[in-house]
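Input: a single structure, listed below in structure tokens.
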Amino acid sequence: MAESMAILQIGQSDLTKKMGDASGITFSYCKTIDLPVFLAGQKNPNDLSADYVLLTDEGLDSALLARQIREWPAYSVLYTGAFGSFSPAIQAALTDRGAFHLPEKEAKEVAALIATDFYRGQVGFATRFSEEQFEPEDNYAWRWQRAGRFQTTVSGDFGDTYQQIGTLKTFPGDFQSGQENLLYLDYEASENVDVALSFVFFQNGGLQSLKLFENPDATNLPTVRAPKRYQDYQIIVLAKGAGELTLKNLHQRKSRHGYGYFLPGGERLLTMAGEELHAYFNPGQKKGPLVVCFAGTRLHVEGFEMMGPLNESGLPYLLFTDTRAQGGAFMVGQADFENLVMARIREAQTVLGLSENQVIFTGYSMGSYPAVYYGAQMQAEHFVLAKPIVHLGQFTANGTFAHQGKNRDWPLDVRMVLTGRLDQADTPLLDKKLWQVTDQADWQNVFVDLFSMRRDDYDPTASADLTDYLKRHGAQVRSQEEDGFHEEKIDQMVAFLTKAINRQAKEQGGFY
């Protein structure tokens, strides 16, 4: 269930009474002319007690409001008036802070749109083509093959019309009533093979609705809407033609209808090869430095991490999350994927007017690897790392790996993403990948804060090996070690990351 939201409406007319019973939203009102008094009455005039500010006037022309928009958190301002009717100062402030235009004119419609598309939190998950989640049809004419536990390949002649080749396991909780989910099917098909997904919803034991998606587009993602009431649903996978079809993941994300992926303002980028990259840039409320943060392992839900602590810091930040494999794939891969990551970082630097040494690269667990990997290539001087994983080959070669006490084979899934096969011969090359990059960097005058676990069971020697490497190459390392295994001491780790980021920004960044 979505978290409750607070909306502050600012306008000549109070529309809050006309907003209706918008589920989970609390409205308050400030008359436009009373804004100076309203701000003066706050303990800190720049604080925003609401989740969003809703501007409902046309022709906004207020130097005070323009300044205030810049003080409020990014992506927190919504407006209904025509952008061209605003003063240049208002237009610039709205643009710089990522404000969103709401085209609806009626108050109830505005409230409904806010509830639907600006909900708090993130909703995204993937259904894997595994033996647990995918049940293939038994047909002697088709040949089935699994690679790892998550990638399924079928080849044969599927006929001239769509034939059911399998069924994906689903849960009623995947959809709230009336919810719309974006669909991204990660698959590969030979030229003469077409694939389709059929979403079938049931109520009272009977068919309620059916929606078919043929060759779902990876760029313009199709949307499936749940009925207002349903008991359960199925996803039937179909194919036609003759050839080979490789099925990887079916991603579903609650749609924000163009206002962002996972979060309002969240970005979805695609490489030329069709791999997706998710990023979220927040310009913050301070000049700098920029914090670049990579998400750790996310086995069950997709989305970004560390927004709360970074919002509290006020620093500008850029988040990345990896959805290519269950849990992620260390945010590395082919050259076009890695170049896209670095291009997005440089774009954020340019927007903020910051240089290479005005960036802090951070990440924990799986996210520690890309933090070091990209930071080294981009001549970064500031790193904040926790529970590092650096031996990529050894880690992804462990077929008996247990996460949270259960073996899910997801490191093998990572190996498939990175190499396209499961071969022990790739282990030495993957282990060298990080060090080949770090050997090209100058670690003199580099500051690293490192949090580690004494009995880390993911990559047991990573912390010691990384610390030794950094010190031998002239980096200054401050470290904190806690007793326990990799999955323990989460609160202490987040507190360490938060404190170290703020300390590096203040003591060594010198930007504000």
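Chains: A, B, ... in order of the structure tokens. Residues: from 1 per chain. Ligands: from 1, in order shown.
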Which residues come within 9 Å of A:Phe27, counting only C-alpha atoms, excluding same-chain residues fewer than 4 positions away, as a list in words?
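Everything that qualifies: Met5, Ala6, Ile7, Leu8, Gln9, Thr16, Lys17, Met19 and Ala50 of chain A.
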Quick one: pull the distance between atom CA of A:Asn215 and atom CA of A:Ser190, Å, one decimal.
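It comes out at 12.2 Å.
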Using backbone DSSP assignments, extract all strand (DSSP E or B) residues from stretch 9-76 of chain A; output them as a list in words.
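DSSP on the backbone gives strand (DSSP E or B) at Gln9, Ile10, Gly11, Ile25, Thr26, Phe27, Ser28, Tyr29, Cys30, Lys31, Tyr52, Val53, Leu54 and Leu55 of chain A.
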Write a file of the just-selected residues containing C-alpha atoms, as a PDB file, in the first residue's frame.
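Saved as selection.pdb:
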```pdb
ATOM      1  CA  GLN A   9      -1.498  24.027  -2.515  1.00  0.00           C
ATOM      2  CA  ILE A  10      -0.457  27.620  -3.262  1.00  0.00           C
ATOM      3  CA  GLY A  11      -2.852  29.705  -5.344  1.00  0.00           C
ATOM      4  CA  ILE A  25      -3.436  12.476   0.521  1.00  0.00           C
ATOM      5  CA  THR A  26      -3.671  15.331   3.017  1.00  0.00           C
ATOM      6  CA  PHE A  27      -4.104  18.810   1.532  1.00  0.00           C
ATOM      7  CA  SER A  28      -3.262  22.207   3.039  1.00  0.00           C
ATOM      8  CA  TYR A  29      -3.555  25.668   1.506  1.00  0.00           C
ATOM      9  CA  CYS A  30      -1.661  28.942   1.357  1.00  0.00           C
ATOM     10  CA  LYS A  31      -2.989  31.951  -0.574  1.00  0.00           C
ATOM     11  CA  TYR A  52       4.813  18.306  -2.741  1.00  0.00           C
ATOM     12  CA  VAL A  53       3.927  21.937  -3.429  1.00  0.00           C
ATOM     13  CA  LEU A  54       1.076  22.365  -5.910  1.00  0.00           C
ATOM     14  CA  LEU A  55       1.040  25.723  -7.738  1.00  0.00           C
TER      15      LEU A  55
END
```
Report as a list of chain:residue names: the residues of stretch 338-372 of chain A with a DSSP assignment of helix (DSSP H, G or I), based on the backbone of this structure.
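Filtering stretch 338-372 of chain A to helix (DSSP H, G or I) leaves A:Glu338, A:Asn339, A:Leu340, A:Val341, A:Met342, A:Ala343, A:Arg344, A:Ile345, A:Arg346, A:Glu347, A:Ala348, A:Gln349, A:Thr350, A:Val351, A:Leu352, A:Glu356, A:Asn357, A:Gln358, A:Ser365, A:Met366, A:Gly367, A:Ser368, A:Tyr369, A:Pro370, A:Ala371, A:Val372.
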Keeping only C-alpha atoms, write the selected residues to a file as a compact mmCIF listing (two decimals), in the first residue's frame.
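Contents of result-v4.txt, as written:
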```
# COMPACT_ATOMS: atom_id res chain seq x y z
CA GLU A 338 29.96 1.19 -19.34
CA ASN A 339 30.29 4.22 -21.61
CA LEU A 340 26.63 5.04 -20.96
CA VAL A 341 27.24 4.98 -17.20
CA MET A 342 30.21 7.33 -17.48
CA ALA A 343 28.41 9.61 -19.92
CA ARG A 344 25.56 10.03 -17.43
CA ILE A 345 28.03 10.88 -14.66
CA ARG A 346 29.77 13.48 -16.85
CA GLU A 347 26.40 14.97 -17.77
CA ALA A 348 25.58 15.44 -14.07
CA GLN A 349 28.99 17.02 -13.50
CA THR A 350 28.41 19.42 -16.37
CA VAL A 351 24.96 20.44 -15.12
CA LEU A 352 26.43 21.20 -11.70
CA GLU A 356 36.44 15.25 -11.66
CA ASN A 357 37.75 15.76 -8.14
CA GLN A 358 34.44 17.22 -6.99
CA SER A 365 28.32 -4.73 -1.35
CA MET A 366 27.67 -5.14 -5.08
CA GLY A 367 27.66 -1.34 -5.43
CA SER A 368 31.21 -1.03 -4.10
CA TYR A 369 32.62 -2.60 -7.26
CA PRO A 370 31.30 -0.04 -9.78
CA ALA A 371 32.14 2.77 -7.35
CA VAL A 372 35.83 1.81 -7.52
```
